[in-house]
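Just query_26.txt here, compact mmCIF, C-alpha atoms:
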```txt
# COMPACT_ATOMS: atom_id res chain seq x y z
CA MET A 1 -9.75 -7.59 -16.53
CA SER A 2 -12.84 -5.66 -15.75
CA GLN A 3 -11.52 -2.65 -13.88
CA GLN A 4 -11.86 0.81 -15.28
CA LYS A 5 -9.21 2.06 -17.58
CA PRO A 6 -7.79 5.53 -17.11
CA PRO A 7 -9.02 8.11 -19.61
CA LYS A 8 -7.23 8.09 -22.92
CA GLY A 9 -5.54 10.97 -24.61
CA PRO A 10 -2.65 13.33 -24.11
CA GLU A 11 -4.61 15.54 -21.73
CA ARG A 12 -3.84 13.23 -18.84
CA MET A 13 -0.10 13.20 -19.51
CA PRO A 14 0.93 15.69 -16.84
CA GLY A 15 -1.57 14.29 -14.37
CA LEU A 16 -0.70 11.56 -11.97
CA PRO A 17 -2.72 8.43 -11.47
CA PRO A 18 -5.01 8.75 -8.46
CA GLU A 19 -3.71 7.50 -5.14
CA THR A 20 -7.07 6.54 -3.79
CA LEU A 21 -8.23 2.98 -3.65
CA ARG A 22 -10.37 1.99 -6.60
CA ASP A 23 -13.13 -0.53 -6.29
CA GLY A 24 -11.90 -4.03 -5.72
CA GLU A 25 -8.28 -2.98 -5.59
CA PRO A 26 -5.80 -4.36 -3.08
CA GLY A 27 -4.03 -1.92 -0.77
CA TRP A 28 -0.64 -2.36 -2.38
CA ALA A 29 -1.96 -1.02 -5.69
CA VAL A 30 -2.12 2.38 -4.04
CA GLY A 31 1.38 1.82 -2.70
CA LEU A 32 2.63 1.17 -6.21
CA ARG A 33 1.16 4.42 -7.50
CA LYS A 34 2.48 6.29 -4.48
CA LEU A 35 5.94 4.90 -5.12
CA TYR A 36 5.80 6.05 -8.73
CA ASN A 37 4.34 9.44 -7.86
CA SER A 38 6.89 10.01 -5.12
CA VAL A 39 9.64 9.88 -7.75
CA VAL A 40 7.63 12.04 -10.17
CA ASP A 41 7.26 14.64 -7.43
CA GLU A 42 10.98 14.77 -6.63
CA PRO A 43 12.83 17.76 -8.02
CA LEU A 44 15.35 16.75 -10.67
CA PRO A 45 18.74 16.17 -9.06
CA THR A 46 21.73 18.33 -10.00
CA SER A 47 23.09 15.45 -12.07
CA PHE A 48 20.49 16.50 -14.65
CA ASP A 49 21.94 20.00 -15.03
CA ASP A 50 24.12 19.06 -18.00
CA LEU A 51 21.20 17.44 -19.75
CA LEU A 52 18.96 20.43 -19.13
CA LYS A 53 21.64 22.76 -20.45
CA LYS A 54 22.06 20.63 -23.56
CA LEU A 55 18.34 20.74 -24.21
CA ASP A 56 18.25 24.47 -23.53
CA ASP A 57 21.05 25.02 -26.00
CA GLY A 58 19.35 22.73 -28.49
CA GLU A 59 22.46 20.61 -28.78
CA ASP A 60 22.31 17.23 -30.44
CA GLY A 61 23.50 14.15 -28.56
CA MET B 1 -12.36 17.12 -25.17
CA ALA B 2 -10.50 17.43 -28.43
CA GLU B 3 -8.38 20.33 -27.30
CA SER B 4 -5.65 19.60 -24.83
CA ASP B 5 -3.76 21.94 -22.58
CA ALA B 6 -0.85 19.53 -22.34
CA ALA B 7 0.21 19.24 -25.94
CA PRO B 8 1.14 22.18 -28.12
CA PRO B 9 -0.62 22.60 -31.46
CA ILE B 10 0.40 20.00 -34.01
CA ALA B 11 0.91 22.49 -36.79
CA ASN B 12 4.13 24.45 -36.33
CA TYR B 13 5.34 21.99 -33.71
CA SER B 14 8.87 23.17 -33.04
CA ASP B 15 12.01 21.87 -31.36
CA GLU B 16 11.12 24.12 -28.45
CA ASP B 17 7.70 22.50 -28.17
CA PHE B 18 9.32 19.09 -28.18
CA ARG B 19 11.85 20.20 -25.58
CA ASP B 20 9.14 21.54 -23.30
CA GLU B 21 7.17 18.32 -23.56
CA LEU B 22 10.31 16.28 -22.99
CA LEU B 23 11.19 18.30 -19.89
CA ALA B 24 7.71 17.74 -18.51
CA THR B 25 8.12 14.02 -19.13
CA LEU B 26 11.49 13.69 -17.37
CA PRO B 27 10.03 13.09 -13.86
CA HIS B 28 7.85 10.30 -15.27
CA LEU B 29 10.81 8.77 -17.07
CA ARG B 30 12.77 8.82 -13.81
CA ALA B 31 9.94 7.11 -11.98
CA PHE B 32 9.62 4.42 -14.64
CA ALA B 33 13.38 3.86 -14.74
CA ARG B 34 13.52 3.67 -10.94
CA GLY B 35 10.84 1.02 -10.95
CA LEU B 36 12.49 -0.93 -13.74
CA CYS B 37 15.99 -1.15 -12.33
CA GLY B 38 15.43 -0.30 -8.67
CA ARG B 39 18.63 1.71 -8.35
CA PRO B 40 18.23 5.48 -8.12
CA ASP B 41 21.64 6.40 -9.58
CA TYR B 42 21.42 3.97 -12.44
CA ALA B 43 17.81 5.00 -13.06
CA ASP B 44 18.89 8.62 -13.40
CA ASP B 45 21.62 7.63 -15.86
CA LEU B 46 19.10 5.66 -17.90
CA THR B 47 16.70 8.59 -17.83
CA GLN B 48 19.28 11.04 -19.09
CA GLU B 49 20.50 8.69 -21.79
CA ALA B 50 16.93 8.05 -22.91
CA ALA B 51 16.21 11.78 -22.94
CA ILE B 52 19.23 12.41 -25.16
CA LYS B 53 18.14 9.61 -27.48
CA ALA B 54 14.64 11.06 -27.62
CA TRP B 55 15.99 14.53 -28.34
CA THR B 56 18.25 13.22 -31.08
CA ALA B 57 15.36 11.30 -32.62
CA ARG B 58 12.82 14.11 -32.20
CA ASP B 59 12.16 14.25 -35.95
CA ARG B 60 10.63 10.80 -35.68
CA TYR B 61 8.15 11.85 -32.99
CA GLN B 62 4.64 12.47 -34.27
CA PRO B 63 3.31 15.62 -32.60
CA GLY B 64 -0.01 15.06 -30.93
CA THR B 65 0.77 11.47 -29.98
CA ASN B 66 1.77 10.47 -26.46
CA LEU B 67 5.31 11.65 -25.80
CA ARG B 68 5.39 9.90 -22.45
CA ALA B 69 4.68 6.56 -24.14
CA TRP B 70 7.20 7.31 -26.86
CA THR B 71 9.99 8.15 -24.42
CA PHE B 72 9.12 5.21 -22.15
CA ALA B 73 9.63 2.88 -25.10
CA ILE B 74 13.02 4.48 -25.77
CA LEU B 75 14.02 4.09 -22.13
CA ARG B 76 12.97 0.45 -21.81
CA ASN B 77 14.72 -0.49 -25.07
CA HIS B 78 17.85 1.27 -23.88
CA PHE B 79 17.62 -0.48 -20.52
CA LEU B 80 17.25 -3.88 -22.18
CA SER B 81 20.16 -3.28 -24.52
CA GLU B 82 22.33 -2.24 -21.56
CA LEU B 83 21.30 -5.44 -19.76
CA ARG B 84 22.19 -7.50 -22.81
CA LYS B 85 25.56 -5.79 -23.04
CA THR B 86 26.29 -6.61 -19.43
CA ARG B 87 25.25 -10.17 -20.05
CA ARG B 88 27.49 -10.50 -23.09
CA GLN B 89 30.44 -9.04 -21.26
CA THR B 90 30.08 -11.31 -18.30
CA ASP B 91 28.43 -14.27 -19.99
CA LEU B 92 25.61 -14.33 -17.51
CA ASP B 93 22.14 -15.66 -18.04
CA ASP B 94 19.03 -13.57 -17.47
CA GLY B 95 18.56 -14.74 -13.91
CA ALA B 96 22.16 -13.99 -13.04
CA VAL B 97 21.85 -10.43 -14.28
CA GLU B 98 18.72 -10.00 -12.24
CA ARG B 99 20.36 -11.42 -9.15
CA MET B 100 23.34 -9.16 -9.68
CA LEU B 101 21.14 -6.08 -9.94
CA VAL B 102 19.42 -7.01 -6.73
CA MET B 103 22.69 -7.66 -4.95
CA GLU B 104 24.26 -4.40 -6.02
CA ALA B 105 21.24 -2.49 -4.90
CA ASP B 106 21.22 -4.20 -1.54
CA GLN B 107 24.84 -3.36 -1.02
CA GLU B 108 24.28 0.37 -1.36
CA GLY B 109 24.58 1.70 2.13
CA GLY B 110 21.85 3.96 3.35
CA LEU B 111 19.49 2.99 0.57
CA HIS B 112 16.26 2.17 2.26
CA LEU B 113 13.99 0.00 0.17
CA SER B 114 10.36 0.18 0.90
CA ASP B 115 8.44 -3.05 0.95
CA MET B 116 6.87 -2.08 -2.33
CA GLU B 117 10.21 -1.52 -4.04
CA ASP B 118 11.44 -4.73 -2.56
CA ALA B 119 8.43 -6.61 -3.85
CA LEU B 120 8.72 -5.04 -7.30
CA ARG B 121 12.26 -6.19 -7.63
CA GLN B 122 11.31 -9.76 -6.89
CA LEU B 123 9.05 -9.82 -9.92
CA ASN B 124 10.02 -11.30 -13.24
CA PRO B 125 11.27 -8.29 -15.29
CA GLU B 126 8.48 -8.49 -17.87
CA ARG B 127 5.82 -8.56 -15.19
CA ARG B 128 7.52 -5.75 -13.30
CA GLU B 129 7.54 -3.62 -16.42
CA ALA B 130 3.90 -4.46 -17.12
CA VAL B 131 2.62 -3.56 -13.67
CA LEU B 132 4.73 -0.38 -13.66
CA LEU B 133 3.26 0.78 -16.95
CA VAL B 134 -0.36 -0.06 -16.20
CA GLY B 135 -0.55 -0.03 -12.41
CA ALA B 136 1.76 2.90 -11.72
CA GLY B 137 2.13 4.82 -14.96
CA GLY B 138 -1.57 4.79 -15.74
CA PHE B 139 -1.16 3.57 -19.31
CA THR B 140 -3.92 1.57 -20.95
CA TYR B 141 -3.17 -2.05 -21.82
CA GLU B 142 -2.97 -1.00 -25.46
CA GLU B 143 -0.46 1.76 -24.76
CA ALA B 144 1.57 -0.46 -22.47
CA ALA B 145 1.64 -3.23 -25.07
CA ALA B 146 2.92 -0.76 -27.66
CA ILE B 147 5.66 0.44 -25.29
CA ALA B 148 6.74 -3.09 -24.39
CA ASP B 149 6.37 -4.25 -27.98
CA CYS B 150 4.05 -7.15 -27.21
CA ALA B 151 0.45 -8.18 -27.90
CA VAL B 152 -2.29 -6.61 -25.80
CA GLY B 153 -3.30 -10.04 -24.49
CA THR B 154 0.27 -10.70 -23.43
CA MET B 155 0.34 -7.39 -21.59
CA LYS B 156 -2.92 -8.18 -19.82
CA SER B 157 -1.63 -11.54 -18.72
CA ARG B 158 1.67 -10.07 -17.51
CA VAL B 159 -0.15 -7.47 -15.47
CA ALA B 160 -2.46 -10.09 -13.99
CA ARG B 161 0.47 -12.31 -13.03
CA ALA B 162 2.38 -9.37 -11.60
CA ARG B 163 -0.62 -8.52 -9.46
CA THR B 164 -0.87 -12.07 -8.20
CA ASP B 165 2.86 -12.11 -7.47
CA LEU B 166 2.76 -8.78 -5.66
CA ALA B 167 -0.20 -9.86 -3.57
CA ARG B 168 1.64 -13.03 -2.62
CA ILE B 169 4.96 -11.30 -1.89
CA LEU B 170 3.44 -8.51 0.15
CA ASP B 171 1.32 -11.03 1.95
CA THR B 172 4.18 -13.19 3.10
CA GLU B 173 7.24 -10.98 3.25
CA PRO B 174 8.21 -9.78 6.68
CA GLY B 175 8.27 -6.02 6.88
CA GLU B 176 6.15 -3.02 7.47
CA ILE B 177 3.22 -3.85 5.24
CA ALA B 178 3.07 -7.46 6.36
CA ALA B 179 3.40 -6.44 9.99
CA GLU B 180 0.68 -3.87 9.62
CA THR B 181 -1.51 -6.39 7.90
CA ASN B 182 -1.01 -8.79 10.75
CA ARG B 183 -2.19 -6.11 13.11
CA LYS B 184 -5.32 -5.95 10.95
CA ARG B 185 -4.82 -2.34 10.06
CA PRO B 186 -7.65 -1.02 7.92
CA GLY B 187 -6.78 -0.05 4.37
CA LEU B 188 -4.16 -2.73 4.03
CA THR B 189 -6.45 -5.69 3.83
CA LYS B 190 -5.18 -8.29 1.48
CA ARG B 191 -8.33 -9.98 0.41
CA ARG B 192 -11.86 -8.92 0.07
```
Would you put the structure from the file into structure tokens?
Amino acid sequence: MSQQKPPKGPERMPGLPPETLRDGEPGWAVGLRKLYNSVVDEPLPTSFDDLLKKLDDGEDG
Amino acid sequence: MAESDAAPPIANYSDEDFRDELLATLPHLRAFARGLCGRPDYADDLTQEAAIKAWTARDRYQPGTNLRAWTFAILRNHFLSELRKTRRQTDLDDGAVERMLVMEADQEGGLHLSDMEDALRQLNPERREAVLLVGAGGFTYEEAAAIADCAVGTMKSRVARARTDLARILDTEPGEIAAETNRKRPGLTKRR
């Protein structure tokens, strides 16, 4: 594998992988990142409300 | 850049800091889970269960390390253990569980699967996980290997095989991408 690796470190955690085509990359590779990013960009559904409340309250399990 | 905006200071790292980081990671966990199992509802269940497990185990998290990687490992281990449970209960082999997952997903009315999702789900689970972590999640091979608990070389080879598989599937499957490719649309060229 000779392609570039993404930068290391926690600073890229909130960032999304780029959706542009990198050198030598097939078109579907962008599709894969878009698919992933499309879910990341979705607002959390209401089914997560209980979980969020638990975390807010600092409840265990 | 030693300083990071994303992670709170390591000293005095509190439950609140962990919670904030975990909340920021939830959308990524959802995306990973969706890619792994292909079913939105089940993926959300997995995500929430993994988040609870992460929260419960927060004392074991080392502040300053990659929380996304840490929670991804929790989610994939949870997913695998759920798969094994299903297999035990129904006495199915690996392939049967996979086929069942695909069938159930296909039976969900109104669920439109993109060609990419469709192609992902045709991959061997290990390769799917590998290409999700590296190709979609942006993890390095080293990070992905740690999450999937395998050697770096194994991860590299899984990713390479997944890429070959995806190229083949998306090349031959009927559907939007294939159709567009046949019309020689720029940007969707298969080979260089």
Inset, instruction - Could you check which of B:Leu120, B:Ala160, B:Met155, B:Cys150 is closest to Leu35 (chain A), using only C-alpha atoms? - result: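 Under the stated criterion, the closest residue is B:Leu120.
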Inset, instruction - Would you mind reading off the distance between CA of Thr46 (chain A) and CA of Phe139 (chain B), one decimal, in Å? - result: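 Between CA of Thr46 (chain A) and CA of Phe139 (chain B) the gap is 28.8 Å.
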Legend entry - Length of the CA of Ser81 (chain B) to CA of Asp20 (chain B) vector [Å]: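 A separation of 27.2 Å between them.
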Inset, instruction - Calculate how many Å separate CA of Glu49 (chain B) from CA of Glu142 (chain B), rounding to one decimal. - result: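 Between CA of Glu49 (chain B) and CA of Glu142 (chain B) the gap works out to 25.7 Å.
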Starting from the incomplete input, reconstruct N, CA and C atoms of region 156-174 of chain B and write that as a short mmCIF file (atom, residue, chain, number, x, y, z; two decimals), keeping the file's coordinate frame.
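Output (result_28.cif):
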```
data_model
loop_
_atom_site.label_atom_id
_atom_site.label_comp_id
_atom_site.auth_asym_id
_atom_site.auth_seq_id
_atom_site.Cartn_x
_atom_site.Cartn_y
_atom_site.Cartn_z
N LYS B 156 -1.90 -7.94 -20.84
CA LYS B 156 -2.92 -8.18 -19.82
C LYS B 156 -2.51 -9.33 -18.92
N SER B 157 -1.99 -10.37 -19.52
CA SER B 157 -1.63 -11.54 -18.72
C SER B 157 -0.42 -11.24 -17.83
N ARG B 158 0.52 -10.44 -18.35
CA ARG B 158 1.67 -10.07 -17.51
C ARG B 158 1.23 -9.25 -16.31
N VAL B 159 0.33 -8.31 -16.56
CA VAL B 159 -0.15 -7.47 -15.47
C VAL B 159 -0.87 -8.32 -14.43
N ALA B 160 -1.71 -9.24 -14.92
CA ALA B 160 -2.46 -10.09 -13.99
C ALA B 160 -1.52 -10.93 -13.14
N ARG B 161 -0.49 -11.48 -13.79
CA ARG B 161 0.47 -12.31 -13.03
C ARG B 161 1.27 -11.47 -12.06
N ALA B 162 1.63 -10.26 -12.50
CA ALA B 162 2.38 -9.37 -11.60
C ALA B 162 1.54 -9.06 -10.36
N ARG B 163 0.25 -8.83 -10.59
CA ARG B 163 -0.62 -8.52 -9.46
C ARG B 163 -0.71 -9.69 -8.49
N THR B 164 -0.83 -10.89 -9.05
CA THR B 164 -0.87 -12.07 -8.20
C THR B 164 0.43 -12.20 -7.41
N ASP B 165 1.55 -12.01 -8.12
CA ASP B 165 2.86 -12.11 -7.47
C ASP B 165 2.99 -11.09 -6.34
N LEU B 166 2.62 -9.85 -6.65
CA LEU B 166 2.76 -8.78 -5.66
C LEU B 166 1.91 -9.08 -4.43
N ALA B 167 0.68 -9.55 -4.69
CA ALA B 167 -0.20 -9.86 -3.57
C ALA B 167 0.43 -10.95 -2.70
N ARG B 168 1.02 -11.93 -3.36
CA ARG B 168 1.64 -13.03 -2.62
C ARG B 168 2.88 -12.53 -1.85
N ILE B 169 3.72 -11.77 -2.53
CA ILE B 169 4.96 -11.30 -1.89
C ILE B 169 4.64 -10.40 -0.70
N LEU B 170 3.74 -9.47 -0.91
CA LEU B 170 3.44 -8.51 0.15
C LEU B 170 2.64 -9.15 1.28
N ASP B 171 2.07 -10.29 0.95
CA ASP B 171 1.32 -11.03 1.95
C ASP B 171 2.25 -11.79 2.89
N THR B 172 3.35 -12.26 2.34
CA THR B 172 4.18 -13.19 3.10
C THR B 172 5.49 -12.61 3.57
N GLU B 173 5.95 -11.54 2.88
CA GLU B 173 7.24 -10.98 3.25
C GLU B 173 7.17 -10.33 4.62
N PRO B 174 8.18 -10.54 5.45
CA PRO B 174 8.21 -9.78 6.68
C PRO B 174 8.50 -8.32 6.36
#
```
